[in-house]
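Chemist: Below is a structure I'd like to ask you about.
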Amino acid sequence: PYLLADKIAGSKGISFELEGSEKLIGTVSAGSGTIAVESPVSGAFNVYNITAALLTVSQITQLPIQEVAGKTQFLAPITGRMTPICQGQPFEVIVDYAHTPSSFETIFPPLKKRVTGRLIALFGSGGERDIKKRPEQGKIAAHWCDMVFLADEDPRGEDPQTLLEMIAQGARTEGKVSEETGLYLIPNRQEAIRKAFSLAREGDIILLLGKAHENSIIYKDYIMPYDEIKEAQNALVEMGFKSR
């Protein structure tokens, strides 16, 4: 999306001045006009997507870019896509659907750039699916994050502990994260979330990845109802951080 936006912008004499990488905040200039742009949708990848969409819609509809850009303030975030959980805790909690190596490479760098404390990730990998991505997930997470928690995503017919160990092998190859320095294998996802929250400090960012909007965790013999956002909220309430 970024390359598409840049290409279209150049052909139309339009320039973007963006502030930050987690929200679309900045100005759009075309000819002699300039307009402030702001969107409530967070995530660096959304900045690129929205920028590309603005330019594409303007080109297709022939509407001035300033007019199209003025609509970004009305965008609504999608549940489970960079969804912040804010209950007064001193650390950030973000729920996102990222579950592939490419999505990890997209989501971690901008957060690492702005975090003032530690970047902490909690995720797993789907059972009976692509096994080659598992060590790559672990390697990427260990490269960018200070702590990595591995927990059930949808193990299906596979043994949960064995599945998580495949991810952990990739994490260990980075040499930064180990069982002694912040690598945790806790299959029970509810327990893993509470462990991560208990170790969080002011300024940390905790990413809960892979479940997002989904409403269950699939095991070999049963399907467990599950809501990641509610689970995070409940865990914070248990720590004394009430919903506002």
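Starting from 1 in every chain, residues are counted up; chains themselves are A, B, ... following the order of the structure tokens, and ligands are numbered from 1 as listed.
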Set the distance at 8 Å and use only C-alpha atoms: which residues neighbour Leu209 of chain A once local chain neighbours fewer than 5 positions away are removed? I'd like the list as a PyMOL selection string.

Modeler: chain A and resi 95-99+121-124

Chemist: Limited to N, CA and C atoms, could you put the picked residues into a file as an mmCIF file, in the first residue's frame?

Modeler:
data_model
loop_
_atom_site.group_PDB
_atom_site.id
_atom_site.type_symbol
_atom_site.label_atom_id
_atom_site.label_comp_id
_atom_site.auth_asym_id
_atom_site.auth_seq_id
_atom_site.Cartn_x
_atom_site.Cartn_y
_atom_site.Cartn_z
ATOM 1 N N VAL A 95 -4.769 -5.896 21.290
ATOM 2 C CA VAL A 95 -5.207 -7.169 20.715
ATOM 3 C C VAL A 95 -5.189 -7.047 19.193
ATOM 4 N N ASP A 96 -4.530 -8.006 18.534
ATOM 5 C CA ASP A 96 -4.482 -7.964 17.075
ATOM 6 C C ASP A 96 -4.498 -9.383 16.512
ATOM 7 N N TYR A 97 -4.893 -9.493 15.252
ATOM 8 C CA TYR A 97 -5.066 -10.796 14.605
ATOM 9 C C TYR A 97 -3.772 -11.328 13.990
ATOM 10 N N ALA A 98 -2.696 -10.574 14.042
ATOM 11 C CA ALA A 98 -1.445 -10.986 13.408
ATOM 12 C C ALA A 98 -1.083 -12.417 13.812
ATOM 13 N N HIS A 99 -0.849 -13.272 12.808
ATOM 14 C CA HIS A 99 -0.531 -14.668 13.111
ATOM 15 C C HIS A 99 0.393 -15.301 12.066
ATOM 16 N N ALA A 121 5.163 -9.954 23.640
ATOM 17 C CA ALA A 121 4.205 -10.577 22.722
ATOM 18 C C ALA A 121 3.716 -11.899 23.285
ATOM 19 N N LEU A 122 2.427 -12.161 23.066
ATOM 20 C CA LEU A 122 1.811 -13.433 23.451
ATOM 21 C C LEU A 122 1.080 -13.975 22.226
ATOM 22 N N PHE A 123 1.415 -15.195 21.836
ATOM 23 C CA PHE A 123 0.795 -15.762 20.637
ATOM 24 C C PHE A 123 1.013 -17.263 20.604
ATOM 25 N N GLY A 124 0.434 -17.916 19.618
ATOM 26 C CA GLY A 124 0.638 -19.342 19.377
ATOM 27 C C GLY A 124 0.662 -19.587 17.886
#

Chemist: List every residue of segment 34-221 of chain A that DSSP, applied to the backbone, labels as alpha helix (DSSP H), and write the result as JSON, numbers by chain.

Modeler: {"A": [44, 45, 46, 47, 48, 49, 50, 51, 52, 53, 54, 55, 56, 57, 58, 59, 60, 61, 65, 66, 67, 68, 69, 101, 102, 103, 104, 105, 106, 107, 108, 109, 110, 111, 112, 113, 114, 133, 134, 135, 136, 137, 138, 139, 140, 141, 142, 143, 144, 160, 161, 162, 163, 164, 165, 166, 167, 168, 169, 170, 171, 172, 173, 189, 190, 191, 192, 193, 194, 195, 196, 197, 198, 199]}

Chemist: For a test of reading the model, state the distance in Å between atom CA of Gln89 of chain A and atom CA of Gly182 of chain A, rounded to one decimal.

Modeler: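 For atom CA of Gln89 of chain A relative to atom CA of Gly182 of chain A, the distance reads 21.2 Å.
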
Chemist: Using only C-alpha atoms, which of the listed residues (A:Leu185, A:Val148, A:Leu55, A:Ile120) sits closest to Leu164 of chain A?

Modeler: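 Nearest candidate to Leu164 of chain A out of A:Leu185, A:Val148, A:Leu55, A:Ile120: A:Leu185.
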
Chemist: Residues near Asp227 of chain A, anyone? I mean within 8 Å using only C-alpha atoms, not counting same-chain ones fewer than 6 positions away, as a list in words.

Modeler: Ala212, His213, Glu214, Asn215 and Ser216 of chain A

Chemist: Output N, CA, C and O atoms for every residue in the selection just made, as a tab-separated table (two decimals), in the first residue's frame.

Modeler:
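Contents of again11.tsv, freshly written:
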chain	number	residue	atom	x	y	z
A	212	ALA	N	-7.80	-12.41	18.39
A	212	ALA	CA	-8.55	-11.20	18.00
A	212	ALA	C	-10.05	-11.39	18.08
A	212	ALA	O	-10.60	-11.57	19.17
A	213	HIS	N	-10.73	-11.37	16.92
A	213	HIS	CA	-12.19	-11.42	16.87
A	213	HIS	C	-12.75	-12.84	17.03
A	213	HIS	O	-13.97	-13.01	17.18
A	214	GLU	N	-11.91	-13.86	16.96
A	214	GLU	CA	-12.40	-15.23	17.00
A	214	GLU	C	-13.04	-15.54	18.36
A	214	GLU	O	-12.67	-14.95	19.37
A	215	ASN	N	-13.98	-16.47	18.35
A	215	ASN	CA	-14.77	-16.71	19.57
A	215	ASN	C	-14.54	-18.09	20.19
A	215	ASN	O	-15.38	-18.56	20.97
A	216	SER	N	-13.44	-18.74	19.85
A	216	SER	CA	-13.18	-20.06	20.43
A	216	SER	C	-11.71	-20.43	20.28
A	216	SER	O	-10.97	-19.83	19.49

Chemist: Near segment 130-146 of chain A, counting only C-alpha atoms, which residues have an atom at most 10 Å away, once you skip same-chain residues fewer than 4 positions from it, shown as a compact mmCIF listing (two decimals) with N, CA, C and O atoms, in the first residue's frame?

Modeler:
# COMPACT_ATOMS: atom_id res chain seq x y z
N HIS A 99 -0.85 -13.27 12.81
CA HIS A 99 -0.53 -14.67 13.11
C HIS A 99 0.39 -15.30 12.07
O HIS A 99 0.54 -16.52 12.03
N THR A 100 1.02 -14.48 11.24
CA THR A 100 1.94 -14.98 10.23
C THR A 100 3.28 -14.24 10.35
O THR A 100 3.33 -13.13 10.91
N PRO A 101 4.36 -14.80 9.83
CA PRO A 101 5.64 -14.09 9.87
C PRO A 101 5.58 -12.72 9.23
O PRO A 101 6.14 -11.75 9.77
N SER A 102 4.90 -12.60 8.10
CA SER A 102 4.82 -11.29 7.43
C SER A 102 4.06 -10.27 8.26
O SER A 102 4.45 -9.10 8.32
N SER A 103 3.00 -10.70 8.93
CA SER A 103 2.25 -9.76 9.77
C SER A 103 3.06 -9.38 11.01
O SER A 103 2.96 -8.25 11.50
N PHE A 104 3.87 -10.30 11.51
CA PHE A 104 4.76 -9.98 12.63
C PHE A 104 5.77 -8.91 12.22
O PHE A 104 6.07 -7.99 12.97
N GLU A 105 6.32 -9.05 11.02
CA GLU A 105 7.30 -8.08 10.53
C GLU A 105 6.67 -6.70 10.33
O GLU A 105 7.36 -5.68 10.36
N ILE A 107 3.92 -5.55 12.27
CA ILE A 107 3.39 -4.99 13.51
C ILE A 107 4.45 -4.65 14.54
O ILE A 107 4.32 -3.67 15.28
N PHE A 108 5.54 -5.44 14.61
CA PHE A 108 6.53 -5.23 15.67
C PHE A 108 7.40 -3.97 15.51
O PHE A 108 7.58 -3.23 16.49
N PRO A 109 7.99 -3.71 14.34
CA PRO A 109 8.95 -2.59 14.23
C PRO A 109 8.42 -1.24 14.68
O PRO A 109 9.11 -0.56 15.47
N LEU A 111 6.04 -0.49 16.76
CA LEU A 111 5.79 -0.51 18.20
C LEU A 111 7.09 -0.50 18.99
O LEU A 111 7.22 0.16 20.02
N LYS A 112 8.07 -1.23 18.48
CA LYS A 112 9.39 -1.23 19.12
C LYS A 112 10.00 0.16 19.10
O LYS A 112 10.68 0.57 20.05
N LYS A 113 9.73 0.89 18.05
CA LYS A 113 10.28 2.23 17.90
C LYS A 113 9.72 3.20 18.93
O LYS A 113 10.43 4.09 19.41
N GLY A 117 9.10 1.24 27.45
CA GLY A 117 9.51 0.13 28.30
C GLY A 117 9.88 -1.06 27.46
O GLY A 117 10.72 -0.97 26.57
N ARG A 118 9.23 -2.19 27.72
CA ARG A 118 9.53 -3.42 27.00
C ARG A 118 8.39 -3.79 26.07
O ARG A 118 7.22 -3.50 26.34
N LEU A 119 8.72 -4.44 24.96
CA LEU A 119 7.71 -4.96 24.04
C LEU A 119 7.53 -6.44 24.36
O LEU A 119 8.50 -7.21 24.36
N ILE A 120 6.28 -6.82 24.66
CA ILE A 120 5.97 -8.18 25.09
C ILE A 120 4.92 -8.76 24.16
O ILE A 120 3.89 -8.12 23.89
N ALA A 121 5.16 -9.95 23.64
CA ALA A 121 4.21 -10.58 22.72
C ALA A 121 3.72 -11.90 23.29
O ALA A 121 4.49 -12.67 23.88
N LEU A 122 2.43 -12.16 23.07
CA LEU A 122 1.81 -13.43 23.45
C LEU A 122 1.08 -13.97 22.23
O LEU A 122 0.24 -13.29 21.65
N PHE A 123 1.41 -15.19 21.84
CA PHE A 123 0.79 -15.76 20.64
C PHE A 123 1.01 -17.26 20.60
O PHE A 123 1.72 -17.84 21.44
N GLY A 124 0.43 -17.92 19.62
CA GLY A 124 0.64 -19.34 19.38
C GLY A 124 0.66 -19.59 17.89
O GLY A 124 1.07 -18.72 17.12
N SER A 125 0.19 -20.76 17.47
CA SER A 125 0.10 -21.06 16.05
C SER A 125 -0.95 -22.13 15.85
O SER A 125 -1.14 -22.99 16.73
N GLY A 126 -1.64 -22.09 14.73
CA GLY A 126 -2.73 -23.02 14.50
C GLY A 126 -2.24 -24.45 14.29
O GLY A 126 -1.30 -24.69 13.53
N LEU A 150 4.28 -17.94 24.78
CA LEU A 150 3.68 -18.84 23.80
C LEU A 150 2.51 -19.57 24.45
O LEU A 150 2.66 -20.18 25.51
N LEU A 163 3.60 -28.30 19.94
CA LEU A 163 3.40 -27.24 18.96
C LEU A 163 4.14 -25.97 19.39
O LEU A 163 4.85 -25.34 18.60
N LEU A 164 3.98 -25.59 20.64
CA LEU A 164 4.62 -24.38 21.14
C LEU A 164 6.14 -24.53 21.16
O LEU A 164 6.87 -23.56 20.95
N GLU A 165 6.61 -25.73 21.38
CA GLU A 165 8.06 -25.96 21.39
C GLU A 165 8.66 -25.69 20.00
O GLU A 165 9.79 -25.22 19.89
N MET A 166 7.90 -25.96 18.94
CA MET A 166 8.37 -25.67 17.59
C MET A 166 8.57 -24.17 17.39
O MET A 166 9.52 -23.74 16.72
N ILE A 167 7.68 -23.37 17.96
CA ILE A 167 7.84 -21.92 17.90
C ILE A 167 9.03 -21.48 18.73
O ILE A 167 9.84 -20.65 18.32
N ALA A 168 9.15 -22.07 19.92
CA ALA A 168 10.23 -21.71 20.85
C ALA A 168 11.60 -21.97 20.25
O ALA A 168 12.55 -21.23 20.51
N GLN A 169 11.72 -23.03 19.45
CA GLN A 169 13.01 -23.34 18.83
C GLN A 169 13.48 -22.17 17.96
O GLN A 169 14.67 -21.84 17.94
N GLY A 170 12.56 -21.56 17.24
CA GLY A 170 12.91 -20.40 16.43
C GLY A 170 13.29 -19.21 17.28
O GLY A 170 14.22 -18.47 16.97
N ALA A 171 12.58 -19.03 18.40
CA ALA A 171 12.88 -17.91 19.30
C ALA A 171 14.28 -18.04 19.88
O ALA A 171 15.01 -17.05 20.00
N ARG A 172 14.66 -19.24 20.22
CA ARG A 172 15.96 -19.45 20.84
C ARG A 172 17.12 -19.17 19.88
O ARG A 172 18.22 -18.83 20.31
N THR A 173 16.88 -19.32 18.58
CA THR A 173 17.97 -19.09 17.62
C THR A 173 18.40 -17.64 17.57
O THR A 173 19.52 -17.34 17.13
N GLU A 174 17.54 -16.73 18.03
CA GLU A 174 17.90 -15.31 18.04
C GLU A 174 18.92 -14.99 19.14
O GLU A 174 19.63 -13.99 19.06
N GLY A 175 18.95 -15.83 20.16
CA GLY A 175 19.93 -15.64 21.21
C GLY A 175 19.60 -14.55 22.22
O GLY A 175 20.35 -14.31 23.16
N LYS A 176 18.45 -13.88 22.05
CA LYS A 176 18.08 -12.80 22.95
C LYS A 176 17.10 -13.25 24.01
O LYS A 176 17.09 -12.74 25.13
N VAL A 177 16.22 -14.18 23.64
CA VAL A 177 15.15 -14.61 24.54
C VAL A 177 15.30 -16.11 24.81
O VAL A 177 15.40 -16.91 23.89
N SER A 178 15.31 -16.46 26.09
CA SER A 178 15.36 -17.86 26.49
C SER A 178 14.49 -18.03 27.73
O SER A 178 13.91 -17.06 28.23
N THR A 181 15.56 -15.64 30.26
CA THR A 181 15.50 -14.20 29.99
C THR A 181 14.17 -13.70 29.45
O THR A 181 14.07 -12.57 28.98
N GLY A 182 13.12 -14.53 29.50
CA GLY A 182 11.82 -14.01 29.10
C GLY A 182 11.06 -14.80 28.07
O GLY A 182 10.22 -14.25 27.35
N LEU A 183 11.31 -16.11 27.96
CA LEU A 183 10.55 -16.98 27.06
C LEU A 183 9.70 -17.91 27.92
O LEU A 183 10.24 -18.67 28.73
N ASP A 204 5.49 -0.54 29.35
CA ASP A 204 5.53 -1.73 28.51
C ASP A 204 4.35 -1.75 27.54
O ASP A 204 3.31 -1.14 27.80
N ILE A 205 4.50 -2.46 26.45
CA ILE A 205 3.40 -2.75 25.53
C ILE A 205 3.27 -4.26 25.43
O ILE A 205 4.24 -4.96 25.12
N ILE A 206 2.06 -4.77 25.71
CA ILE A 206 1.78 -6.20 25.59
C ILE A 206 0.88 -6.42 24.39
O ILE A 206 -0.21 -5.85 24.29
N LEU A 207 1.33 -7.26 23.47
CA LEU A 207 0.55 -7.60 22.29
C LEU A 207 -0.04 -9.00 22.45
O LEU A 207 0.70 -9.97 22.66
